file protein_18.cif (mmCIF, C-alpha atoms and all ligand atoms)
data_query
loop_
_atom_site.label_atom_id
_atom_site.label_comp_id
_atom_site.auth_asym_id
_atom_site.auth_seq_id
_atom_site.Cartn_x
_atom_site.Cartn_y
_atom_site.Cartn_z
CA MET A 1 8.29 5.15 3.54
CA MET A 2 5.90 3.27 1.40
CA ARG A 3 5.91 0.05 -0.47
CA GLN A 4 8.99 -1.32 -2.14
CA ALA A 5 11.01 0.26 0.68
CA GLY A 6 13.99 -1.97 0.98
CA ARG A 7 14.59 -2.65 -2.67
CA TYR A 8 16.99 0.28 -2.87
CA MET A 9 18.90 -1.03 0.17
CA LYS A 10 22.04 -3.09 -0.18
CA VAL A 11 21.20 -5.19 2.89
CA TYR A 12 17.94 -6.19 1.19
CA GLN A 13 19.62 -7.05 -2.11
CA ASP A 14 22.16 -9.18 -0.24
CA LEU A 15 19.39 -11.03 1.58
CA CYS A 16 17.60 -11.60 -1.77
CA GLN A 17 20.70 -13.50 -3.00
CA LYS A 18 20.26 -16.03 -0.22
CA HIS A 19 16.44 -16.11 -0.38
CA PRO A 20 15.61 -15.56 -4.03
CA THR A 21 11.81 -15.78 -4.08
CA PHE A 22 9.49 -13.04 -2.90
CA ARG A 23 7.11 -15.55 -1.38
CA GLU A 24 9.85 -17.08 0.73
CA ARG A 25 10.99 -13.69 1.97
CA SER A 26 7.48 -12.54 2.81
CA GLU A 27 6.03 -15.79 4.15
CA ASN A 28 8.79 -16.70 6.57
CA VAL A 29 8.24 -14.84 9.86
CA ASP A 30 11.90 -14.30 10.68
CA LEU A 31 12.74 -13.04 7.19
CA ALA A 32 9.66 -10.78 6.98
CA VAL A 33 10.53 -9.27 10.38
CA GLU A 34 14.19 -8.86 9.47
CA ILE A 35 13.35 -7.12 6.15
CA SER A 36 10.73 -4.89 7.78
CA LEU A 37 13.36 -3.79 10.28
CA GLN A 38 16.08 -2.98 7.74
CA PRO A 39 14.84 0.58 6.98
CA TRP A 40 13.99 1.05 10.65
CA ARG A 41 17.52 0.21 11.76
CA ALA A 42 19.03 2.42 9.07
CA PHE A 43 16.82 5.53 9.31
CA LYS A 44 14.62 5.32 12.43
CA PRO A 45 11.45 6.46 10.64
CA ASP A 46 8.19 7.09 12.52
CA GLY A 47 6.57 4.13 10.78
CA VAL A 48 7.65 0.52 10.23
CA ILE A 49 5.83 -1.20 7.36
CA LEU A 50 5.29 -4.92 7.41
CA PHE A 51 7.21 -6.63 4.63
CA SER A 52 4.48 -8.38 2.68
CA ASP A 53 2.41 -7.67 -0.44
CA ILE A 54 -1.20 -6.81 -1.23
CA LEU A 55 -1.33 -10.18 -3.04
CA THR A 56 -0.21 -12.20 0.00
CA PRO A 57 -3.73 -13.13 1.23
CA PHE A 58 -4.60 -14.64 -2.19
CA THR A 59 -3.10 -17.95 -1.11
CA GLY A 60 -5.86 -18.25 1.48
CA MET A 61 -8.58 -17.36 -1.02
CA ASN A 62 -7.85 -20.11 -3.52
CA ILE A 63 -6.08 -17.73 -5.90
CA PRO A 64 -2.57 -19.12 -6.51
CA PHE A 65 -0.03 -16.41 -7.34
CA ASP A 66 3.65 -15.68 -7.59
CA ILE A 67 5.79 -12.57 -7.77
CA LEU A 68 8.56 -13.09 -10.30
CA LYS A 69 11.69 -11.00 -10.42
CA THR A 70 11.33 -10.34 -14.13
CA LYS A 71 7.55 -10.17 -14.56
CA GLY A 72 6.16 -8.95 -11.23
CA PRO A 73 2.89 -10.42 -9.91
CA ILE A 74 1.44 -13.45 -11.77
CA ILE A 75 -1.98 -14.98 -11.08
CA HIS A 76 -1.89 -18.53 -12.37
CA ASN A 77 -5.62 -18.93 -13.09
CA PRO A 78 -7.15 -15.50 -13.79
CA ILE A 79 -10.78 -15.14 -12.78
CA ARG A 80 -13.04 -14.25 -15.68
CA THR A 81 -16.46 -15.87 -15.16
CA ALA A 82 -19.15 -16.27 -12.48
CA ALA A 83 -18.01 -19.88 -12.07
CA ASP A 84 -14.44 -18.68 -11.40
CA VAL A 85 -15.72 -16.15 -8.84
CA ALA A 86 -17.61 -18.93 -7.06
CA LYS A 87 -14.28 -20.67 -6.36
CA VAL A 88 -12.88 -17.72 -4.40
CA ARG A 89 -12.84 -18.56 -0.70
CA GLU A 90 -13.20 -16.25 2.27
CA LEU A 91 -9.90 -15.53 3.97
CA VAL A 92 -9.22 -17.13 7.36
CA PRO A 93 -6.00 -15.25 8.16
CA ALA A 94 -4.91 -17.21 11.22
CA GLU A 95 -4.95 -20.39 9.09
CA ALA A 96 -3.92 -19.03 5.70
CA VAL A 97 -1.39 -16.32 6.54
CA PRO A 98 -0.36 -16.86 10.19
CA TYR A 99 3.09 -15.48 9.38
CA VAL A 100 1.55 -12.04 8.77
CA GLY A 101 0.08 -11.90 12.27
CA GLN A 102 3.22 -13.34 13.84
CA ALA A 103 5.44 -10.85 12.03
CA LEU A 104 3.27 -7.90 13.12
CA THR A 105 3.34 -9.08 16.73
CA ALA A 106 7.11 -9.48 16.62
CA LEU A 107 7.53 -6.04 15.06
CA ARG A 108 5.47 -4.45 17.81
CA GLU A 109 7.71 -6.07 20.40
CA GLU A 110 10.83 -4.99 18.57
CA VAL A 111 10.01 -1.32 18.01
CA GLY A 112 7.99 -0.73 21.19
CA ASN A 113 6.78 2.83 21.42
CA ALA A 114 9.61 4.20 19.31
CA SER A 115 7.69 3.86 16.03
CA THR A 116 4.29 2.93 14.61
CA VAL A 117 3.81 -0.50 13.05
CA LEU A 118 1.81 -0.30 9.84
CA GLY A 119 -0.14 -3.06 8.19
CA PHE A 120 -1.66 -2.80 4.73
CA VAL A 121 -4.18 -4.31 2.35
CA GLY A 122 -5.16 -3.88 -1.27
CA ALA A 123 -8.56 -2.36 -2.00
CA PRO A 124 -11.04 -4.59 -3.86
CA PHE A 125 -10.70 -2.95 -7.28
CA THR A 126 -6.90 -3.05 -7.24
CA LEU A 127 -6.86 -6.67 -6.02
CA ALA A 128 -9.45 -7.58 -8.66
CA SER A 129 -7.31 -5.98 -11.36
CA TYR A 130 -4.55 -8.53 -10.65
CA ILE A 131 -6.97 -11.43 -10.29
CA VAL A 132 -8.85 -10.69 -13.51
CA GLU A 133 -5.97 -9.47 -15.69
CA GLY A 134 -3.66 -12.23 -14.46
CA GLY A 135 -0.95 -9.82 -13.35
CA SER A 136 0.12 -6.21 -13.79
CA SER A 137 -1.62 -4.34 -16.55
CA LYS A 138 -1.20 -1.22 -18.62
CA HIS A 139 -4.67 -0.56 -19.99
CA PHE A 140 -6.81 -2.76 -17.71
CA THR A 141 -8.84 -3.90 -20.70
CA VAL A 142 -9.86 -7.30 -19.30
CA ILE A 143 -11.26 -5.99 -16.03
CA LYS A 144 -12.88 -2.99 -17.74
CA ARG A 145 -14.48 -5.25 -20.27
CA MET A 146 -15.88 -7.28 -17.39
CA ALA A 147 -17.05 -4.05 -15.70
CA PHE A 148 -18.83 -2.78 -18.78
CA GLU A 149 -20.06 -6.08 -20.23
CA THR A 150 -20.88 -8.29 -17.24
CA PRO A 151 -20.83 -5.92 -14.25
CA GLU A 152 -22.64 -8.41 -12.03
CA VAL A 153 -19.68 -10.80 -12.27
CA LEU A 154 -17.22 -8.09 -11.27
CA HIS A 155 -19.48 -6.88 -8.46
CA SER A 156 -19.71 -10.38 -7.02
CA LEU A 157 -15.92 -10.65 -7.05
CA LEU A 158 -15.50 -7.18 -5.50
CA GLN A 159 -18.01 -8.02 -2.79
CA LYS A 160 -16.16 -11.22 -1.90
CA LEU A 161 -12.87 -9.33 -1.83
CA ALA A 162 -14.35 -6.59 0.39
CA GLU A 163 -15.47 -9.20 2.92
CA SER A 164 -12.04 -10.81 3.05
CA VAL A 165 -10.30 -7.42 3.25
CA ILE A 166 -12.44 -6.48 6.28
CA ILE A 167 -11.41 -9.72 7.98
CA TYR A 168 -7.78 -9.13 7.04
CA VAL A 169 -7.62 -5.55 8.34
CA ARG A 170 -9.14 -6.63 11.66
CA TYR A 171 -6.68 -9.53 11.90
CA GLN A 172 -3.70 -7.24 11.28
CA ALA A 173 -4.94 -4.80 13.93
CA ASP A 174 -5.53 -7.59 16.44
CA CYS A 175 -2.00 -8.88 15.84
CA GLY A 176 -0.33 -5.52 16.41
CA ALA A 177 -0.76 -3.19 13.42
CA GLN A 178 -1.35 0.32 14.81
CA ALA A 179 -2.54 1.76 11.51
CA VAL A 180 -3.51 0.12 8.23
CA GLN A 181 -3.02 1.55 4.76
CA ILE A 182 -5.47 0.62 2.03
CA PHE A 183 -3.88 0.63 -1.44
CA ASP A 184 -6.24 1.31 -4.31
CA SER A 185 -3.26 1.96 -6.54
CA TRP A 186 -4.99 1.35 -9.88
CA ALA A 187 -8.41 2.84 -9.12
CA THR A 188 -7.36 6.02 -10.88
CA HIS A 189 -7.47 4.15 -14.18
CA LEU A 190 -11.24 4.28 -13.80
CA SER A 191 -13.21 7.35 -14.82
CA PRO A 192 -14.61 9.01 -11.71
CA VAL A 193 -18.14 7.80 -12.63
CA ASP A 194 -16.86 4.23 -12.75
CA PHE A 195 -14.78 4.69 -9.59
CA GLU A 196 -18.05 5.54 -7.85
CA VAL A 197 -19.52 2.22 -8.95
CA PHE A 198 -16.61 -0.22 -8.86
CA SER A 199 -14.38 1.05 -6.09
CA LEU A 200 -15.80 3.67 -3.75
CA PRO A 201 -18.73 1.64 -2.33
CA TYR A 202 -16.40 -1.22 -1.44
CA ILE A 203 -13.87 1.02 0.29
CA LYS A 204 -16.69 2.66 2.23
CA GLN A 205 -17.94 -0.77 3.23
CA ILE A 206 -14.50 -1.77 4.48
CA VAL A 207 -13.98 1.48 6.40
CA SER A 208 -17.34 1.40 8.12
CA ALA A 209 -17.07 -2.31 9.02
CA VAL A 210 -13.56 -1.87 10.43
CA LYS A 211 -14.56 1.31 12.32
CA SER A 212 -17.47 -0.58 13.91
CA THR A 213 -15.09 -3.05 15.57
CA HIS A 214 -11.85 -1.01 15.69
CA PRO A 215 -12.94 2.62 16.04
CA ASP A 216 -9.47 3.84 17.01
CA LEU A 217 -7.51 2.17 14.23
CA PRO A 218 -6.29 4.87 11.82
CA LEU A 219 -6.98 3.98 8.20
CA ILE A 220 -4.97 5.51 5.35
CA LEU A 221 -6.10 5.46 1.72
CA TYR A 222 -3.67 5.60 -1.20
CA ALA A 223 -4.29 5.70 -4.94
CA SER A 224 -1.63 6.66 -7.44
CA GLY A 225 -2.34 9.69 -9.62
CA SER A 226 -5.31 10.50 -7.43
CA GLY A 227 -5.79 14.16 -8.42
CA GLY A 228 -9.19 13.44 -9.94
CA LEU A 229 -10.38 11.60 -6.87
CA LEU A 230 -9.24 13.47 -3.75
CA GLU A 231 -12.69 14.55 -2.54
CA ARG A 232 -14.06 11.09 -3.25
CA MET A 233 -11.19 9.51 -1.30
CA ALA A 234 -11.91 11.82 1.62
CA SER A 235 -15.58 10.77 1.51
CA THR A 236 -14.73 7.13 2.31
CA GLY A 237 -14.39 7.80 6.03
CA VAL A 238 -10.65 7.11 6.24
CA ASP A 239 -8.49 9.14 8.63
CA VAL A 240 -5.65 9.90 6.25
CA VAL A 241 -5.64 10.57 2.51
CA SER A 242 -2.31 9.75 0.93
CA VAL A 243 -1.46 12.10 -1.90
CA ASP A 244 1.02 11.56 -4.71
CA TRP A 245 3.23 14.21 -6.26
CA THR A 246 1.06 14.92 -9.28
CA VAL A 247 -1.06 17.17 -7.04
CA ASP A 248 0.23 20.30 -5.37
CA MET A 249 0.06 19.71 -1.61
CA ALA A 250 -1.56 23.11 -0.99
CA GLU A 251 -4.35 22.26 -3.42
CA ALA A 252 -4.71 18.79 -1.92
CA ARG A 253 -5.07 20.27 1.56
CA GLN A 254 -7.66 22.72 0.35
CA ARG A 255 -9.67 20.00 -1.34
CA ILE A 256 -9.41 17.46 1.46
CA GLY A 257 -9.96 19.96 4.27
CA THR A 258 -8.32 20.32 7.65
CA GLN A 259 -10.19 17.60 9.55
CA LEU A 260 -8.47 14.70 7.81
CA ALA A 261 -4.75 14.10 7.81
CA VAL A 262 -2.84 14.19 4.55
CA GLN A 263 0.16 11.99 3.75
CA GLY A 264 2.84 12.59 1.17
CA ASN A 265 3.63 13.84 -1.32
CA MET A 266 7.20 14.32 -2.54
CA ASP A 267 8.20 12.94 -5.89
CA PRO A 268 10.26 9.80 -5.06
CA ALA A 269 12.72 10.97 -7.72
CA ALA A 270 13.42 14.09 -5.60
CA LEU A 271 15.72 11.78 -3.63
CA PHE A 272 18.02 11.69 -6.65
CA GLY A 273 18.52 15.45 -6.21
CA THR A 274 21.11 17.33 -4.18
CA LYS A 275 20.86 17.53 -0.39
CA GLU A 276 19.76 21.17 -0.72
CA PHE A 277 17.08 20.24 -3.23
CA ILE A 278 15.73 17.54 -0.92
CA GLU A 279 15.63 20.02 1.98
CA ARG A 280 13.82 22.66 -0.09
CA ARG A 281 11.22 20.16 -1.22
CA ILE A 282 10.62 18.93 2.32
CA HIS A 283 10.09 22.46 3.65
CA ASP A 284 7.86 23.30 0.70
CA THR A 285 5.73 20.19 1.24
CA VAL A 286 5.38 20.74 4.98
CA ALA A 287 4.47 24.41 4.48
CA LYS A 288 1.86 23.54 1.88
CA ALA A 289 0.27 20.88 4.08
CA GLY A 290 -0.21 23.66 6.65
CA ARG A 291 -0.53 23.52 10.42
CA HIS A 292 -2.83 20.53 10.37
CA LYS A 293 -2.30 16.78 10.54
CA HIS A 294 0.31 15.76 7.97
CA ILE A 295 2.47 12.65 7.61
CA LEU A 296 5.51 13.69 5.62
CA ASN A 297 6.21 11.01 3.05
CA LEU A 298 7.01 10.38 -0.58
CA GLY A 299 4.11 10.19 -3.01
CA HIS A 300 5.02 6.53 -3.69
CA GLY A 301 7.74 4.02 -2.81
CA VAL A 302 11.46 4.68 -2.83
CA LEU A 303 12.80 4.05 -6.33
CA VAL A 304 15.44 1.44 -7.02
CA GLY A 305 18.82 3.14 -7.34
CA THR A 306 18.02 5.91 -4.84
CA PRO A 307 21.20 6.70 -2.86
CA GLU A 308 20.71 5.46 0.70
CA GLU A 309 22.39 8.57 2.08
CA ASN A 310 19.70 10.70 0.44
CA VAL A 311 17.02 8.60 2.10
CA ALA A 312 18.82 9.20 5.40
CA HIS A 313 18.91 12.92 4.64
CA PHE A 314 15.16 12.91 3.96
CA PHE A 315 14.49 11.49 7.42
CA GLU A 316 16.99 13.72 9.24
CA THR A 317 15.60 16.84 7.60
CA GLY A 318 11.99 15.76 8.06
CA LYS A 319 12.52 15.12 11.76
CA SER A 320 14.22 18.46 12.27
CA VAL A 321 11.32 20.49 10.85
CA ARG A 322 9.81 22.74 13.52
CA TYR A 323 6.66 24.79 13.14
C1 LIG A 401 0.18 -2.48 -6.43
C2 LIG A 401 0.94 -3.03 -5.25
C3 LIG A 401 1.64 -4.26 -5.20
N1 LIG A 401 2.20 -4.35 -3.95
C4 LIG A 401 1.91 -3.25 -3.21
C5 LIG A 401 1.08 -2.41 -4.00
C6 LIG A 401 0.44 -1.12 -3.56
C7 LIG A 401 1.41 0.00 -3.52
C8 LIG A 401 1.70 0.59 -4.86
O1 LIG A 401 0.89 1.32 -5.39
O2 LIG A 401 2.79 0.31 -5.37
C9 LIG A 401 2.28 -2.93 -1.84
C10 LIG A 401 3.55 -3.42 -1.28
N2 LIG A 401 4.47 -4.30 -1.81
C11 LIG A 401 5.51 -4.48 -0.93
C12 LIG A 401 5.24 -3.73 0.22
C13 LIG A 401 6.12 -3.84 1.46
C14 LIG A 401 6.37 -2.69 2.24
C15 LIG A 401 7.76 -2.15 2.10
O3 LIG A 401 8.72 -2.92 2.11
O4 LIG A 401 7.86 -0.94 2.02
C16 LIG A 401 4.04 -3.03 0.00
C17 LIG A 401 3.34 -2.04 0.91
C18 LIG A 401 6.69 -5.35 -1.11
C19 LIG A 401 7.11 -5.68 -2.49
N3 LIG A 401 6.31 -6.17 -3.51
C20 LIG A 401 7.05 -6.36 -4.62
C21 LIG A 401 8.40 -6.01 -4.36
C22 LIG A 401 9.56 -6.04 -5.36
C23 LIG A 401 10.01 -7.40 -5.68
C24 LIG A 401 11.04 -7.96 -4.73
O5 LIG A 401 11.73 -7.26 -3.98
O6 LIG A 401 11.15 -9.20 -4.75
C25 LIG A 401 8.45 -5.62 -3.00
C26 LIG A 401 9.68 -5.25 -2.22
C27 LIG A 401 6.53 -6.87 -5.90
C28 LIG A 401 5.32 -6.18 -6.41
N4 LIG A 401 4.05 -6.31 -5.90
C29 LIG A 401 3.18 -5.48 -6.60
C30 LIG A 401 3.95 -4.80 -7.58
C31 LIG A 401 3.41 -3.80 -8.56
C32 LIG A 401 5.29 -5.24 -7.45
C33 LIG A 401 6.51 -4.73 -8.18
C34 LIG A 401 6.85 -5.42 -9.43
C35 LIG A 401 8.17 -4.83 -9.91
O7 LIG A 401 8.28 -3.61 -10.10
O8 LIG A 401 9.11 -5.59 -10.01
C36 LIG A 401 1.77 -5.30 -6.26
#
call {"tool": "encode", "arguments": {"input": "protein_18.cif", "output": "structure tokens"}}
result
Amino acid sequence: MMRQAGRYMKVYQDLCQKHPTFRERSENVDLAVEISLQPWRAFKPDGVILFSDILTPFTGMNIPFDILKTKGPIIHNPIRTAADVAKVRELVPAEAVPYVGQALTALREEVGNASTVLGFVGAPFTLASYIVEGGSSKHFTVIKRMAFETPEVLHSLLQKLAESVIIYVRYQADCGAQAVQIFDSWATHLSPVDFEVFSLPYIKQIVSAVKSTHPDLPLILYASGSGGLLERMASTGVDVVSVDWTVDMAEARQRIGTQLAVQGNMDPAALFGTKEFIERRIHDTVAKAGRHKHILNLGHGVLVGTPEENVAHFFETGKSVRY
């Protein structure tokens, strides 16, 4: 299951006591592998997600960052001008983030053919939102101001990010990732007309560049609250469109079509419900996705406080579904 998978787990919280910083946990190969394997050992899901963050490659791009327990992601020197953009370096993953490749390779060895190892990247707009705003944001006013006042500055940043993301996806695949998920989590804060200018072209660029060198690597695209964008997401050329719970899965399937796979889309909070409720929701979701490619998942990460036994029940029920 996606993203902050692990935070709800006691084994992860215990490990955080000993290794208190996110960067230590994610930049040390042994720790990153160990944390990635915690949900795998507990639930045997069909996918094992690398423990890392979409911000991790920033270190190699001359964008110092931290992820603080209280404040979340922090970019120490936000990028606001053309001169700032000029300082952003192209990512050389083997030099800047070798632990990512090493962890993926180790995970592939560990899980063998019993599960799929997933890598992930942030999409240019979502990465830029952190870089320009300086951290998480509610209204995205700084990056939108840049978009609407000096679009050429934002475009030059997005283009640089797209080039590094292409390199990073290829690196993850070469090191063992069997599928890569692209997170454009905050793209839905853009109006669709602006999404078509500031996000879509860059995702398309990434997908077509990666497909030209890695035609068999499945690419998954996620955006939160993506109901206004489903057709546009499908038009990027990705193999899987990840859907969150604000869209009915039957409608999502209809809008995305039967050629692409859909992923999702249970409300993560459904795992606070009774066992029967969880089962009903799983069957409902699977039925609505229809007899076409579907990766059963939550519509976002597992929420902190989710009972681990309910997560286990999600997987047991999901695996027992027969068409
Ligand atoms: C936007 C985004 C980020 N990071 C990510 C996204 C895209 C997915 C989405 O839409 O949520 C993706 C991500 N972040 C993390 C993973 C690892 C995969 C997994 O363990 O499931 C993945 C896939 C670990 C993490 N990344 C982070 C944590 C939590 C902090 C910690 O455990 O130290 C984890 C486990 C920190 C982080 N990093 C980011 C945020 C918003 C936060 C949470 C801040 C908070 O709520 O406290 C940026």
call {"tool": "closest_residue", "arguments": {"input": "protein_18.cif", "among": "A:Gly134, A:Pro64, A:Gly237, A:Gly122", "to": "ligand LIG 401 (chain A)", "atoms": "only C-alpha atoms and all ligand atoms"}}
result
A:Gly122
call {"tool": "residues_around", "arguments": {"input": "protein_18.cif", "residues": "Ile63 (chain A)", "least_positions_apart": "5", "cutoff": "8 Å", "atoms": "all atoms listed in the file", "output": "list in words"}}
result
Phe58, Ile75, His76, Asn77, Val88 and Ile131 of chain A
call {"tool": "axis_aligned_box", "arguments": {"input": "protein_18.cif", "around": "region 10-27 of chain A", "padding_each_side": "3 Å", "output": "JSON"}}
result
{"center_x": 14.1, "center_y": -10.1, "center_z": 0.0, "size_x": 22.1, "size_y": 20.0, "size_z": 14.2}
call {"tool": "closest_atom_pairs", "arguments": {"input": "protein_18.cif", "of": "chain A", "to": "ligand LIG 401 (chain A)", "cutoff": "8 Å", "atoms": "all atoms listed in the file", "output": "tab-separated table"}}
result
residue	atom	partner	partner_atom	distance
A:Met1	CA	A:LIG401	O4	6.3
A:Met2	CA	A:LIG401	O4	4.7
A:Arg3	CA	A:LIG401	O4	3.3
A:Gln4	CA	A:LIG401	C26	4.0
A:Ala5	CA	A:LIG401	O4	3.6
A:Gly6	CA	A:LIG401	O3	5.5
A:Arg7	CA	A:LIG401	C26	5.6
A:Cys16	CA	A:LIG401	O6	7.5
A:Pro20	CA	A:LIG401	O6	7.8
A:Thr21	CA	A:LIG401	O6	6.6
A:Phe22	CA	A:LIG401	O6	4.6
A:Ile35	CA	A:LIG401	O3	7.4
A:Ser36	CA	A:LIG401	O3	6.3
A:Ile49	CA	A:LIG401	C14	5.4
A:Leu50	CA	A:LIG401	C14	5.7
A:Phe51	CA	A:LIG401	C13	4.4
A:Ser52	CA	A:LIG401	C13	5.0
A:Asp53	CA	A:LIG401	N2	4.2
A:Ile54	CA	A:LIG401	N1	5.0
A:Leu55	CA	A:LIG401	C36	6.6
A:Ile67	CA	A:LIG401	C27	6.0
A:Leu68	CA	A:LIG401	O6	7.3
A:Lys69	CA	A:LIG401	O6	6.0
A:Thr70	CA	A:LIG401	O8	6.7
A:Lys71	CA	A:LIG401	O8	6.6
A:Gly72	CA	A:LIG401	C34	4.0
A:Pro73	CA	A:LIG401	N4	5.9
A:Phe120	CA	A:LIG401	C17	6.3
A:Val121	CA	A:LIG401	C9	7.8
A:Gly122	CA	A:LIG401	C6	6.6
A:Thr126	CA	A:LIG401	C1	7.1
A:Ser136	CA	A:LIG401	C31	6.6
A:Phe183	CA	A:LIG401	C6	5.1
A:Asp184	CA	A:LIG401	C6	7.1
A:Ser185	CA	A:LIG401	O1	4.4
A:Trp186	CA	A:LIG401	C1	7.3
A:Tyr222	CA	A:LIG401	O1	7.5
A:Ala223	CA	A:LIG401	O1	6.8
A:Ser224	CA	A:LIG401	O1	6.3
A:His300	CA	A:LIG401	O2	6.8
A:Gly301	CA	A:LIG401	O2	6.7
call {"tool": "closest_residue", "arguments": {"input": "protein_18.cif", "among": "A:Phe125, A:Ser164, A:Lys18, A:Ala94", "to": "Ser199 (chain A)", "atoms": "all atoms listed in the file"}}
result
A:Phe125
call {"tool": "atom_distance", "arguments": {"input": "protein_18.cif", "atom1": "CA of Val243 (chain A)", "atom2": "CA of Asn265 (chain A)"}}
result
5.4 Å
call {"tool": "residues_around", "arguments": {"input": "protein_18.cif", "residues": "Ser235 (chain A)", "least_positions_apart": "6", "cutoff": "12 Å", "atoms": "all atoms listed in the file", "output": "count of residues only"}}
result
16
call {"tool": "atom_distance", "arguments": {"input": "protein_18.cif", "atom1": "CA of Met61 (chain A)", "atom2": "CA of Leu158 (chain A)"}}
result
13.1 Å
call {"tool": "atom_distance", "arguments": {"input": "protein_18.cif", "atom1": "CA of Val97 (chain A)", "atom2": "CA of Ala209 (chain A)"}}
result
21.2 Å
call {"tool": "residues_around", "arguments": {"input": "protein_18.cif", "residues": "Ile79 (chain A)", "least_positions_apart": "6", "cutoff": "10 Å", "atoms": "all atoms listed in the file", "output": "VMD selection string"}}
result
chain A and resid 63 85 to 88 128 to 134 143 153 to 154 157
call {"tool": "residues_around", "arguments": {"input": "protein_18.cif", "residues": "Gly47 (chain A)", "least_positions_apart": "6", "cutoff": "8 Å", "atoms": "all atoms listed in the file", "output": "JSON, numbers by chain"}}
result
{"A": [1, 115, 116, 117, 118]}
call {"tool": "closest_residue", "arguments": {"input": "protein_18.cif", "among": "A:Glu163, A:Ser226, A:Val48, A:Val240", "to": "Ala32 (chain A)", "atoms": "only C-alpha atoms"}}
result
A:Val48
call {"tool": "closest_residue", "arguments": {"input": "protein_18.cif", "among": "A:Ala147, A:Ala106, A:Ala96, A:Val11", "to": "Val33 (chain A)", "atoms": "only C-alpha atoms"}}
result
A:Ala106
